[in-house]
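Colleague: input-v1.cif is reproduced below (mmCIF, C-alpha atoms).
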data_query
#
loop_
_atom_site.label_atom_id
_atom_site.label_comp_id
_atom_site.auth_asym_id
_atom_site.auth_seq_id
_atom_site.Cartn_x
_atom_site.Cartn_y
_atom_site.Cartn_z
CA MET H 4 97.44 -98.03 93.49
CA LEU H 5 97.03 -95.84 90.44
CA LEU H 6 93.94 -96.46 88.29
CA PRO H 7 93.80 -95.18 84.70
CA SER H 8 92.19 -91.74 84.99
CA ALA H 9 89.38 -92.59 82.59
CA ALA H 10 88.35 -95.51 84.75
CA VAL H 11 88.45 -93.24 87.77
CA ALA H 12 86.28 -90.75 85.97
CA PHE H 13 83.81 -93.44 85.00
CA ALA H 14 83.71 -94.82 88.55
CA LEU H 15 83.14 -91.36 89.98
CA SER H 16 80.49 -90.58 87.41
CA ALA H 17 78.55 -93.66 88.42
CA THR H 18 77.95 -91.99 91.75
CA GLY H 19 77.25 -88.64 90.09
CA HIS H 20 80.10 -86.87 91.90
CA ALA H 21 82.85 -85.59 89.69
CA ALA H 22 83.82 -82.42 91.53
CA GLY H 23 87.53 -81.76 91.43
CA MET H 24 88.06 -83.73 88.18
CA ASP H 25 89.11 -81.36 85.38
CA LYS H 26 88.27 -83.93 82.68
CA PRO H 27 84.61 -83.56 81.57
CA VAL H 28 82.53 -86.44 82.84
CA LEU H 29 79.98 -88.16 80.66
CA HIS H 30 76.91 -89.52 82.38
CA THR H 31 76.44 -92.27 79.85
CA GLY H 32 72.86 -92.82 78.73
CA SER H 33 71.67 -89.57 80.27
CA PHE H 34 70.42 -86.31 78.89
CA ASP H 35 73.70 -84.49 79.48
CA ALA H 36 75.56 -87.06 77.39
CA LYS H 37 73.07 -86.72 74.57
CA ILE H 38 73.28 -82.91 74.53
CA GLU H 39 77.08 -83.04 74.39
CA TYR H 40 76.82 -85.46 71.50
CA CYS H 41 74.57 -83.01 69.59
CA GLN H 42 76.90 -80.16 70.43
CA ASP H 43 79.87 -82.03 68.93
CA CYS H 44 78.45 -81.22 65.51
CA HIS H 45 75.98 -78.38 66.10
CA GLY H 46 78.32 -76.30 68.23
CA PRO H 47 78.78 -75.86 72.00
CA SER H 48 75.94 -73.31 72.13
CA GLY H 49 73.97 -74.83 69.26
CA GLN H 50 75.07 -71.99 66.96
CA GLY H 51 75.89 -74.37 64.10
CA TYR H 52 79.22 -75.34 62.59
CA ARG H 53 80.85 -75.43 59.18
CA GLY H 54 81.89 -79.05 59.00
CA PHE H 55 82.33 -80.81 55.69
CA TYR H 56 78.65 -79.93 55.40
CA PRO H 57 77.17 -76.80 56.93
CA ILE H 58 75.64 -78.07 60.17
CA PRO H 59 72.64 -75.98 61.15
CA ARG H 60 72.09 -73.76 64.13
CA LEU H 61 69.70 -75.34 66.64
CA ALA H 62 69.84 -72.56 69.23
CA GLY H 63 66.49 -70.84 69.72
CA GLN H 64 64.73 -73.24 67.38
CA GLN H 65 60.96 -73.69 67.69
CA THR H 66 60.38 -76.90 69.66
CA GLU H 67 57.56 -78.14 67.42
CA TYR H 68 59.71 -77.70 64.30
CA PHE H 69 62.71 -79.34 66.01
CA GLU H 70 60.69 -82.41 66.95
CA ASN H 71 59.05 -82.61 63.51
CA GLN H 72 62.44 -82.71 61.82
CA LEU H 73 63.73 -85.50 64.02
CA HIS H 74 60.62 -87.53 63.17
CA ALA H 75 61.12 -86.72 59.49
CA PHE H 76 64.68 -88.04 59.66
CA VAL H 77 63.54 -91.26 61.31
CA GLU H 78 60.81 -91.81 58.75
CA ARG H 79 63.15 -90.90 55.88
CA ARG H 80 60.76 -88.20 54.73
CA ARG H 81 63.86 -86.06 55.08
CA PRO H 82 66.73 -88.25 53.89
CA ASN H 83 69.97 -87.75 55.80
CA ASN H 84 71.93 -90.81 56.82
CA ILE H 85 73.77 -89.18 59.69
CA MET H 86 70.63 -87.63 61.20
CA ALA H 87 68.62 -90.84 60.71
CA ASN H 88 71.19 -92.62 62.82
CA VAL H 89 71.13 -89.85 65.43
CA ALA H 90 67.35 -89.67 65.58
CA HIS H 91 66.16 -93.26 65.53
CA VAL H 92 67.59 -94.10 68.95
CA LEU H 93 65.95 -91.14 70.69
CA SER H 94 63.00 -91.75 72.98
CA PRO H 95 60.05 -89.33 72.75
CA ALA H 96 60.99 -87.90 76.14
CA MET H 97 64.56 -87.34 75.03
CA ILE H 98 63.39 -85.58 71.88
CA THR H 99 61.19 -83.25 73.93
CA HIS H 100 63.99 -82.42 76.35
CA LEU H 101 66.49 -81.78 73.58
CA ALA H 102 64.01 -79.50 71.81
CA SER H 103 63.43 -77.53 74.96
CA ARG H 104 67.12 -77.21 75.82
CA PHE H 105 68.15 -76.03 72.36
CA HIS H 106 65.22 -73.61 72.28
CA SER H 107 66.63 -71.88 75.35
CA MET H 108 70.11 -71.33 73.90
CA ASN H 109 70.80 -67.88 72.49
CA PRO H 110 74.32 -67.39 71.10
CA ALA H 111 75.20 -64.70 68.55
CA PRO H 112 74.91 -65.82 64.92
CA LEU H 113 77.89 -67.71 63.54
CA GLY H 114 78.02 -65.19 60.70
CA GLY H 115 80.27 -65.31 57.70
CA GLY H 116 77.68 -64.64 55.00
CA PRO H 117 78.19 -61.93 52.34
CA ARG H 118 77.30 -58.66 54.07
CA GLN H 119 76.79 -56.70 50.85
CA LEU H 120 73.66 -58.76 50.12
CA ILE H 121 71.93 -58.05 53.44
CA ALA H 122 69.85 -55.07 52.25
CA ALA H 123 68.50 -56.93 49.22
CA GLY H 124 67.86 -59.97 51.38
CA ARG H 125 65.86 -57.97 53.88
CA LYS H 126 63.58 -56.79 51.07
CA VAL H 127 62.98 -60.37 49.91
CA PHE H 128 62.29 -61.43 53.48
CA GLU H 129 59.85 -58.63 54.34
CA ASP H 130 58.14 -57.99 51.01
CA GLY H 131 58.59 -61.20 49.06
CA VAL H 132 58.86 -60.86 45.30
CA PRO H 133 55.26 -60.19 44.21
CA ASP H 134 56.04 -60.11 40.48
CA ALA H 135 57.62 -63.55 40.71
CA ASN H 136 54.95 -64.98 43.02
CA VAL H 137 57.36 -65.37 45.94
CA ALA H 138 55.49 -64.99 49.23
CA ALA H 139 56.94 -62.72 51.91
CA CYS H 140 58.87 -64.91 54.35
CA ALA H 141 57.83 -62.67 57.22
CA ALA H 142 54.16 -63.67 56.87
CA CYS H 143 54.92 -67.10 58.28
CA HIS H 144 58.39 -66.86 59.81
CA GLY H 145 57.61 -63.59 61.58
CA PRO H 146 59.12 -60.11 61.19
CA ASP H 147 62.19 -61.15 63.20
CA ALA H 148 62.46 -64.61 61.62
CA LEU H 149 61.93 -66.27 64.99
CA GLY H 150 59.30 -68.64 63.64
CA ARG H 151 56.26 -70.00 65.47
CA GLY H 152 55.03 -73.51 66.26
CA GLN H 153 55.85 -75.74 63.33
CA ILE H 154 57.40 -72.83 61.41
CA PRO H 155 61.14 -72.67 62.01
CA ARG H 156 63.28 -69.88 63.33
CA LEU H 157 65.59 -68.67 60.56
CA ALA H 158 67.37 -65.86 62.45
CA GLY H 159 71.06 -66.63 62.76
CA GLN H 160 70.90 -69.75 60.61
CA LEU H 161 74.05 -70.62 58.67
CA TYR H 162 74.38 -68.98 55.26
CA PRO H 163 75.56 -72.10 53.38
CA TYR H 164 72.90 -74.21 55.13
CA LEU H 165 70.08 -71.90 54.02
CA LEU H 166 71.48 -71.92 50.47
CA LYS H 167 71.50 -75.69 50.45
CA GLU H 168 68.00 -76.11 51.89
CA LEU H 169 66.32 -73.62 49.58
CA THR H 170 68.15 -74.92 46.51
CA ASN H 171 67.49 -78.60 47.21
CA TRP H 172 64.12 -78.35 48.93
CA SER H 173 62.15 -80.73 46.72
CA LEU H 174 64.97 -83.28 46.78
CA GLU H 175 65.40 -83.31 50.52
CA ARG H 176 62.00 -82.75 52.09
CA GLY H 177 58.67 -84.54 51.86
CA GLN H 178 60.36 -87.53 50.25
CA ASN H 179 57.58 -90.00 51.06
CA PRO H 180 54.72 -89.25 48.65
CA ALA H 181 52.54 -91.69 50.59
CA HIS H 182 52.98 -89.51 53.68
CA PRO H 183 53.00 -85.87 52.60
CA ASP H 184 54.16 -83.52 55.32
CA THR H 185 54.06 -79.79 55.94
CA SER H 186 57.30 -79.29 54.01
CA PHE H 187 55.14 -79.03 50.88
CA ILE H 188 54.30 -75.44 51.87
CA MET H 189 57.85 -74.32 51.11
CA ALA H 190 58.19 -76.13 47.79
CA PRO H 191 56.69 -73.40 45.54
CA VAL H 192 58.61 -70.70 47.42
CA ALA H 193 61.95 -72.47 47.08
CA HIS H 194 61.19 -73.20 43.44
CA SER H 195 60.26 -69.60 42.57
CA LEU H 196 63.28 -67.93 44.19
CA THR H 197 66.17 -67.14 41.85
CA ARG H 198 69.72 -68.04 42.83
CA SER H 199 70.57 -64.43 43.67
CA GLU H 200 67.40 -64.02 45.75
CA ILE H 201 68.30 -67.16 47.70
CA GLU H 202 71.80 -65.81 48.34
CA ALA H 203 70.43 -62.43 49.40
CA VAL H 204 67.79 -63.72 51.81
CA ALA H 205 70.27 -66.26 53.23
CA ALA H 206 72.81 -63.49 53.82
CA TYR H 207 70.17 -61.38 55.58
CA LEU H 208 68.98 -64.22 57.82
CA SER H 209 72.44 -65.46 58.71
CA ASN H 210 73.18 -62.08 60.27
CA LEU H 211 69.94 -61.75 62.24
CA LYS H 212 70.20 -62.11 66.00
CA MET Y 8 34.10 -76.63 36.42
CA SER Y 9 30.88 -74.97 35.19
CA ARG Y 10 29.80 -71.78 36.84
CA ILE Y 11 26.61 -69.70 36.79
CA LEU Y 12 27.41 -66.00 36.84
CA SER Y 13 25.90 -64.11 39.71
CA ARG Y 14 24.03 -60.90 39.22
CA SER Y 15 26.88 -58.91 40.72
CA GLN Y 16 29.35 -60.49 38.32
CA ILE Y 17 27.15 -59.59 35.39
CA GLN Y 18 26.69 -56.07 36.76
CA ARG Y 19 30.43 -55.70 37.15
CA CYS Y 20 30.94 -56.87 33.59
CA GLY Y 21 28.36 -54.34 32.45
CA ARG Y 22 29.99 -51.51 34.43
CA GLN Y 23 33.37 -52.26 32.91
CA ILE Y 24 32.09 -52.02 29.37
CA GLY Y 25 29.63 -49.25 30.11
CA GLY Y 26 26.10 -48.18 29.38
CA ILE Y 27 23.82 -49.61 26.72
CA ALA Y 28 26.74 -51.25 25.00
CA GLY Y 29 27.47 -53.00 28.21
CA LEU Y 30 23.92 -54.25 28.58
CA LEU Y 31 23.91 -55.55 25.02
CA LEU Y 32 27.22 -57.29 25.55
CA ALA Y 33 26.09 -58.63 28.90
CA LEU Y 34 22.85 -59.99 27.41
CA PRO Y 35 24.37 -63.24 26.15
CA LEU Y 36 25.87 -63.74 29.58
CA ILE Y 37 22.51 -63.22 31.27
CA VAL Y 38 20.89 -65.59 28.76
CA ALA Y 39 23.70 -68.09 29.20
CA ALA Y 40 23.27 -67.99 32.93
CA VAL Y 41 19.61 -68.89 32.60
CA LEU Y 42 19.82 -71.64 29.95
CA PRO Y 43 20.42 -75.18 31.26
CA HIS Y 44 23.71 -75.58 29.43
CA GLY Y 45 24.37 -71.89 29.73
CA ALA Y 46 27.01 -72.35 32.41
CA SER Y 47 29.68 -73.72 30.10
CA ARG Y 48 28.82 -71.17 27.41
CA ALA Y 49 29.16 -68.42 30.03
CA GLU Y 50 32.73 -69.57 30.76
CA GLU Y 51 33.69 -69.26 27.10
CA THR Y 52 32.25 -65.75 26.74
CA LYS Y 53 33.64 -64.43 30.09
CA ALA Y 54 35.79 -61.42 29.37
CA PRO Y 55 38.61 -60.48 29.59
CA ALA Y 56 40.35 -63.74 30.53
CA VAL Y 57 43.65 -64.02 32.36
CA PRO Y 58 45.98 -66.63 30.78
CA LYS Y 59 45.34 -69.89 32.60
CA GLN Y 60 48.98 -70.54 33.49
CA GLU Y 61 49.36 -67.03 34.90
CA LEU Y 62 46.27 -67.45 37.07
CA GLN Y 63 47.41 -70.88 38.29
CA ALA Y 64 50.83 -69.48 39.24
CA LYS Y 65 49.30 -66.54 41.08
CA LEU Y 66 46.84 -68.83 42.87
CA ALA Y 67 49.66 -71.13 43.99
CA TYR Y 68 51.42 -68.07 45.40
CA CYS Y 69 48.34 -67.02 47.39
CA GLN Y 70 47.96 -70.58 48.62
CA VAL Y 71 51.45 -70.62 50.16
CA CYS Y 72 50.14 -68.36 52.92
CA HIS Y 73 46.37 -68.77 52.75
CA GLY Y 74 46.44 -72.58 52.56
CA ALA Y 75 46.21 -75.10 49.72
CA MET Y 76 42.40 -74.80 49.63
CA GLY Y 77 42.25 -71.20 50.89
CA GLN Y 78 41.24 -72.46 54.33
CA GLY Y 79 43.64 -70.08 56.08
CA PHE Y 80 46.87 -70.80 57.94
CA ARG Y 81 48.39 -70.01 61.29
CA GLY Y 82 51.71 -68.53 60.26
CA TYR Y 83 53.39 -66.03 62.45
CA TYR Y 84 50.12 -64.17 62.12
CA PRO Y 85 46.76 -65.84 61.62
CA ILE Y 86 46.32 -65.70 57.85
CA PRO Y 87 42.66 -65.57 56.89
CA ARG Y 88 40.47 -68.06 55.07
CA LEU Y 89 39.68 -66.93 51.52
CA ALA Y 90 37.67 -70.00 50.53
CA GLY Y 91 34.06 -69.20 49.71
CA GLN Y 92 34.62 -65.47 50.17
CA GLN Y 93 32.26 -63.01 48.52
CA PRO Y 94 34.04 -61.79 45.33
CA GLU Y 95 32.96 -58.19 45.83
CA TYR Y 96 34.38 -58.13 49.36
CA PHE Y 97 37.54 -59.92 48.18
CA GLU Y 98 38.15 -57.36 45.44
CA ASN Y 99 37.35 -54.45 47.77
CA GLN Y 100 39.96 -55.61 50.26
CA LEU Y 101 42.69 -55.96 47.65
CA GLN Y 102 41.83 -52.46 46.44
CA ALA Y 103 41.95 -51.19 50.04
CA PHE Y 104 45.40 -52.71 50.51
CA ILE Y 105 46.65 -51.03 47.34
CA GLU Y 106 45.31 -47.64 48.42
CA HIS Y 107 46.58 -48.09 51.99
CA ARG Y 108 43.05 -47.63 53.31
CA ARG Y 109 43.73 -50.98 54.90
CA THR Y 110 47.27 -51.04 56.24
CA ASN Y 111 49.26 -54.23 55.69
CA ASN Y 112 52.73 -54.16 54.16
CA ILE Y 113 52.72 -57.75 53.00
CA MET Y 114 49.29 -57.52 51.36
CA PHE Y 115 50.13 -54.17 49.79
CA ASN Y 116 53.06 -55.80 48.07
CA VAL Y 117 50.90 -58.71 46.97
CA ALA Y 118 48.06 -56.56 45.69
CA HIS Y 119 49.70 -53.64 43.92
CA VAL Y 120 51.09 -55.80 41.10
CA LEU Y 121 47.71 -57.38 40.29
CA SER Y 122 45.85 -56.30 37.15
CA PRO Y 123 42.10 -55.70 37.54
CA GLN Y 124 41.49 -58.84 35.48
CA MET Y 125 43.72 -60.93 37.74
CA LEU Y 126 42.03 -59.46 40.81
CA ALA Y 127 38.64 -60.51 39.50
CA ALA Y 128 39.86 -63.94 38.46
CA LEU Y 129 41.35 -64.60 41.89
CA ALA Y 130 38.12 -63.52 43.57
CA VAL Y 131 36.14 -65.97 41.49
CA SER Y 132 38.66 -68.76 42.03
CA PHE Y 133 38.68 -68.47 45.78
CA GLN Y 134 34.92 -68.21 45.92
CA GLY Y 135 34.83 -71.72 44.46
CA PHE Y 136 36.88 -73.40 47.19
CA ASP Y 137 34.97 -75.15 49.98
CA PRO Y 138 37.28 -76.79 52.53
CA LYS Y 139 36.24 -77.56 56.09
CA PRO Y 140 36.95 -74.81 58.63
CA LEU Y 141 40.49 -74.83 59.99
CA GLY Y 142 39.08 -74.89 63.53
CA GLY Y 143 40.99 -74.44 66.74
CA ALA Y 144 38.60 -72.23 68.67
CA PRO Y 145 37.56 -73.09 72.24
CA LYS Y 146 34.33 -75.08 72.02
CA ASN Y 147 32.91 -73.79 75.29
CA LEU Y 148 32.36 -70.37 73.72
CA LEU Y 149 30.15 -71.55 70.86
CA ALA Y 150 26.78 -71.15 72.56
CA ALA Y 151 27.50 -67.64 73.80
CA GLY Y 152 28.90 -66.74 70.40
CA LYS Y 153 25.78 -67.94 68.60
CA LYS Y 154 23.60 -65.80 70.84
CA ILE Y 155 25.66 -62.71 70.02
CA TYR Y 156 25.69 -63.59 66.34
CA ASP Y 157 21.93 -64.06 66.12
CA GLU Y 158 20.67 -61.44 68.56
CA GLY Y 159 23.44 -58.88 68.88
CA ILE Y 160 23.88 -57.00 72.16
CA PRO Y 161 20.89 -54.67 72.38
CA SER Y 162 22.14 -52.96 75.53
CA ALA Y 163 25.32 -51.97 73.73
CA GLY Y 164 23.62 -51.01 70.48
CA VAL Y 165 25.22 -53.91 68.65
CA PRO Y 166 22.92 -55.43 66.02
CA GLY Y 167 22.88 -59.16 65.33
CA CYS Y 168 25.65 -59.98 62.87
CA THR Y 169 23.10 -62.05 60.97
CA SER Y 170 21.38 -58.93 59.69
CA CYS Y 171 24.25 -58.18 57.29
CA HIS Y 172 26.38 -61.32 57.25
CA GLY Y 173 23.39 -63.67 56.89
CA PRO Y 174 22.04 -66.45 59.12
CA GLN Y 175 24.81 -68.87 58.04
CA ALA Y 176 27.47 -66.17 57.97
CA LYS Y 177 27.97 -66.65 54.23
CA GLY Y 178 27.89 -62.90 53.61
CA ASP Y 179 26.54 -61.14 50.53
CA ALA Y 180 28.15 -58.80 47.97
CA GLN Y 181 30.28 -56.37 49.98
CA PHE Y 182 29.51 -58.07 53.30
CA PRO Y 183 32.10 -60.75 53.88
CA ARG Y 184 31.56 -64.40 54.55
CA LEU Y 185 32.58 -65.14 58.15
CA ALA Y 186 31.76 -68.86 58.21
CA GLY Y 187 34.90 -70.89 58.82
CA GLN Y 188 37.09 -67.84 59.31
CA LEU Y 189 39.99 -68.22 61.74
CA ASN Y 190 38.85 -67.22 65.23
CA ASP Y 191 42.17 -65.57 66.10
CA TYR Y 192 42.06 -63.63 62.82
CA ILE Y 193 38.57 -62.35 63.61
CA PHE Y 194 39.67 -61.46 67.11
CA ASN Y 195 42.59 -59.40 65.77
CA LYS Y 196 40.44 -57.64 63.19
CA LEU Y 197 37.59 -56.73 65.54
CA THR Y 198 40.02 -55.59 68.21
CA ASN Y 199 42.09 -53.45 65.84
CA TRP Y 200 39.33 -52.31 63.48
CA SER Y 201 39.84 -48.56 63.82
CA SER Y 202 43.60 -48.74 63.46
CA GLU Y 203 43.62 -51.03 60.43
CA ARG Y 204 40.60 -50.14 58.31
CA GLY Y 205 39.42 -46.93 56.70
CA GLN Y 206 42.85 -45.38 57.21
CA ASN Y 207 42.35 -42.63 54.65
CA PRO Y 208 40.05 -40.08 56.29
CA SER Y 209 39.69 -38.16 53.00
CA ASN Y 210 38.52 -41.35 51.31
CA PRO Y 211 36.18 -43.11 53.76
CA ASP Y 212 35.12 -46.61 52.79
CA ALA Y 213 32.52 -49.22 53.67
CA SER Y 214 34.61 -50.36 56.63
CA ALA Y 215 33.10 -47.48 58.61
CA ILE Y 216 29.94 -49.52 59.07
CA MET Y 217 31.74 -51.95 61.37
CA GLU Y 218 33.50 -49.38 63.48
CA PRO Y 219 30.87 -48.77 66.18
CA ILE Y 220 30.18 -52.50 66.37
CA ALA Y 221 33.82 -53.42 66.84
CA HIS Y 222 34.16 -50.61 69.36
CA ASN Y 223 31.15 -51.63 71.45
CA LEU Y 224 31.93 -55.34 71.69
CA THR Y 225 33.86 -56.37 74.79
CA LYS Y 226 36.86 -58.67 74.52
CA PRO Y 227 35.00 -61.76 75.82
CA GLN Y 228 32.15 -61.06 73.40
CA ILE Y 229 34.60 -60.84 70.52
CA GLU Y 230 36.18 -64.13 71.55
CA ALA Y 231 32.79 -65.81 71.74
CA VAL Y 232 31.42 -64.63 68.41
CA ALA Y 233 34.76 -65.33 66.72
CA ALA Y 234 34.72 -68.88 68.07
CA TYR Y 235 31.16 -69.38 66.85
CA VAL Y 236 31.65 -68.23 63.25
CA SER Y 237 34.96 -70.09 62.99
CA SER Y 238 33.03 -73.32 63.53
CA LEU Y 239 30.49 -72.69 60.78
CA GLU Y 240 30.81 -74.52 57.47
#
Represent the structure contained in this file as structure tokens.

Modeller:
Amino acid sequence: MLLPSAAVAFALSATGHAAGMDKPVLHTGSFDAKIEYCQDCHGPSGQGYRGFYPIPRLAGQQTEYFENQLHAFVERRRPNNIMANVAHVLSPAMITHLASRFHSMNPAPLGGGPRQLIAAGRKVFEDGVPDANVAACAACHGPDALGRGQIPRLAGQLYPYLLKELTNWSLERGQNPAHPDTSFIMAPVAHSLTRSEIEAVAAYLSNLK
Amino acid sequence: MSRILSRSQIQRCGRQIGGIAGLLLALPLIVAAVLPHGASRAEETKAPAVPKQELQAKLAYCQVCHGAMGQGFRGYYPIPRLAGQQPEYFENQLQAFIEHRRTNNIMFNVAHVLSPQMLAALAVSFQGFDPKPLGGAPKNLLAAGKKIYDEGIPSAGVPGCTSCHGPQAKGDAQFPRLAGQLNDYIFNKLTNWSSERGQNPSNPDASAIMEPIAHNLTKPQIEAVAAYVSSLE
């Protein structure tokens, strides 16, 4: 008797043995299923993806920052309908495991940003713009933009995503005035950067390994 | 916010203007500092003033890294507390960054665009902040740290820190406040003293005074005393 292959796959997956099946098996409700679901949008190695929106790189992200953002989505301090839906069903243990797994990924940057701006962007990143009261990004994000603790990795982040975040910072972060969060630190920086400085530093970061 | 001018502020004002003229000009400030309502009058006659908006913008910029109340911040590097810092020390450090006697690329960039008036205004502003210490040091080191702070390490020729930094680690004039400073920042500074401070041998500065002390402290001693002062308010 021939069973539909999907049903076979599901039956086999219930026992955890899918060797020999060339169709990928989803262990519904488990960690593997959740990671694949994230990777649908964020890329198979978490490198990010240019969907209708630029979907950010998660690979190599600081675990504390990763977890903070998921909480921010749930609490609508960072409004994003898609990510609120993603995040609010995650258990604390799942969040921790996802953070750890994405932190360990290390693909090359997706790239695609304007290369001619990289030199100017590096200067903004390392020195800031003292005359315009823009703090040097490296002071907090580190000389290699790898981040630390609650401070995110920026190396290899998508160019259009960085543009969007820096341009819209005060509209997208810290949106619950009754519960201010650490996103306030970036508000004066994002506000003080000119459009061309944002493009330059985004170009530099999007090419960093 | 009313403010009584300290003697060093008045002296600095006098030095800037110079000589007898300076003394005469400083006289109203000295008088103002002594009279009961002199504090507000002193603010009006303080010279030369940085435009308020310019100072606020520059302060906000410093606060991005050093914390909203100057309490310090653990960025990629531990970024030091500036709140309650001695203005003379504060100004000396910015000057040292500019002249590369104290090597730090980020702070060089920050400092070299500051006018002398802005430098002084920032020093006064940060002196006025008084947040709680950021904390984070291991509590089990506090007792050992206090002993080192108060008594020094006689066998190693290390004097008690209290002799220059004061019993509450508030500092004085060119001796910095240490109270509430980040313990990991202090650890880095004491460990790297000779490679970060006094880097122009043809222009030695006051940092030389700390060199033998930093050199003679062992790593556990540094950790202990750093933990202790980081807990002080």

Colleague: Could you work out how far atom CA of Trp200 of chain Y lies from atom CA of Pro146 of chain H, giving the answer in Å with one decimal?

Modeller: 21.4 Å

Colleague: Residues of chain Y that have any atom at most 6 Å from an atom of chain H: could you tabulate them with the shortest-distance atom pair and the distance in Å to one decimal, using all atoms listed in the file, ordered by chain and increasing number, as JSON lines?

Modeller:
{"residue": "Y:Tyr68", "atom": "CA", "partner": "H:Asn136", "partner_atom": "CA", "distance": 5.3}
{"residue": "Y:Val71", "atom": "CA", "partner": "H:Ile188", "partner_atom": "CA", "distance": 5.9}
{"residue": "Y:Gly82", "atom": "CA", "partner": "H:Cys143", "partner_atom": "CA", "distance": 4.0}
{"residue": "Y:Tyr83", "atom": "CA", "partner": "H:Cys143", "partner_atom": "CA", "distance": 4.6}
{"residue": "Y:Ile113", "atom": "CA", "partner": "H:Asp130", "partner_atom": "CA", "distance": 5.8}
{"residue": "Y:Val117", "atom": "CA", "partner": "H:Pro133", "partner_atom": "CA", "distance": 5.4}

Colleague: Which residues are near Thr185 of chain H? Cut-off 12 Å, only C-alpha atoms, ignore same chain within fewer than 3 positions. Put them as an NGL selection string.

Modeller: (:H and (68 or 71-72 or 75 or 80-81 or 153-155 or 176-180 or 182 or 188-190)) or (:Y and (71 or 74-75 or 80))

Colleague: Quick one: of H:Glu78, H:Glu168, H:Glu202, H:Glu39, who's nearest to Pro183 of chain H, counting all atoms listed in the file?

Modeller: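 When distances to Pro183 of chain H are compared using all atoms listed in the file, the smallest one comes from H:Glu78.
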
Colleague: Within 9 Å of Thr169 of chain Y, counting all atoms listed in the file, which residues qualify if same-chain residues fewer than 5 places away don't, as a PyMOL selection string?

Modeller: chain Y and resi 156-159+174-176+178

Colleague: Name the residues that the PyMOL selection byres ((chain H and resi 114) around 6) pulls out of this structure, and write them as a VMD selection string.

Modeller: chain H and resid 112 to 113 115 to 116 209 to 210

Colleague: So the first atom is atom CA of Gly124 of chain H and the second is atom CA of Gln50 of chain H; what is the distance between them in Å, to one decimal place?

Modeller: 21.0 Å

Colleague: List every protein, DNA or RNA residue that has an atom no more than 12 Å from (62.9, -92.0, 72.2) in the file's coordinate frame, counting all atoms listed in the file, and report them as a ChimeraX atom specification.

Modeller: /H:32,34,37,70,73-74,77,89-101

Colleague: Do a neighbour search on Ser162 of chain Y at 12 Å with all atoms listed in the file, toss out local chain neighbours closer than 4 positions, and write the hits as a list in words.

Modeller: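 Neighbouring residues, sequence-local ones excluded: Ile155, Glu158, Pro166, Gly167, Asn223 and Leu224 of chain Y.
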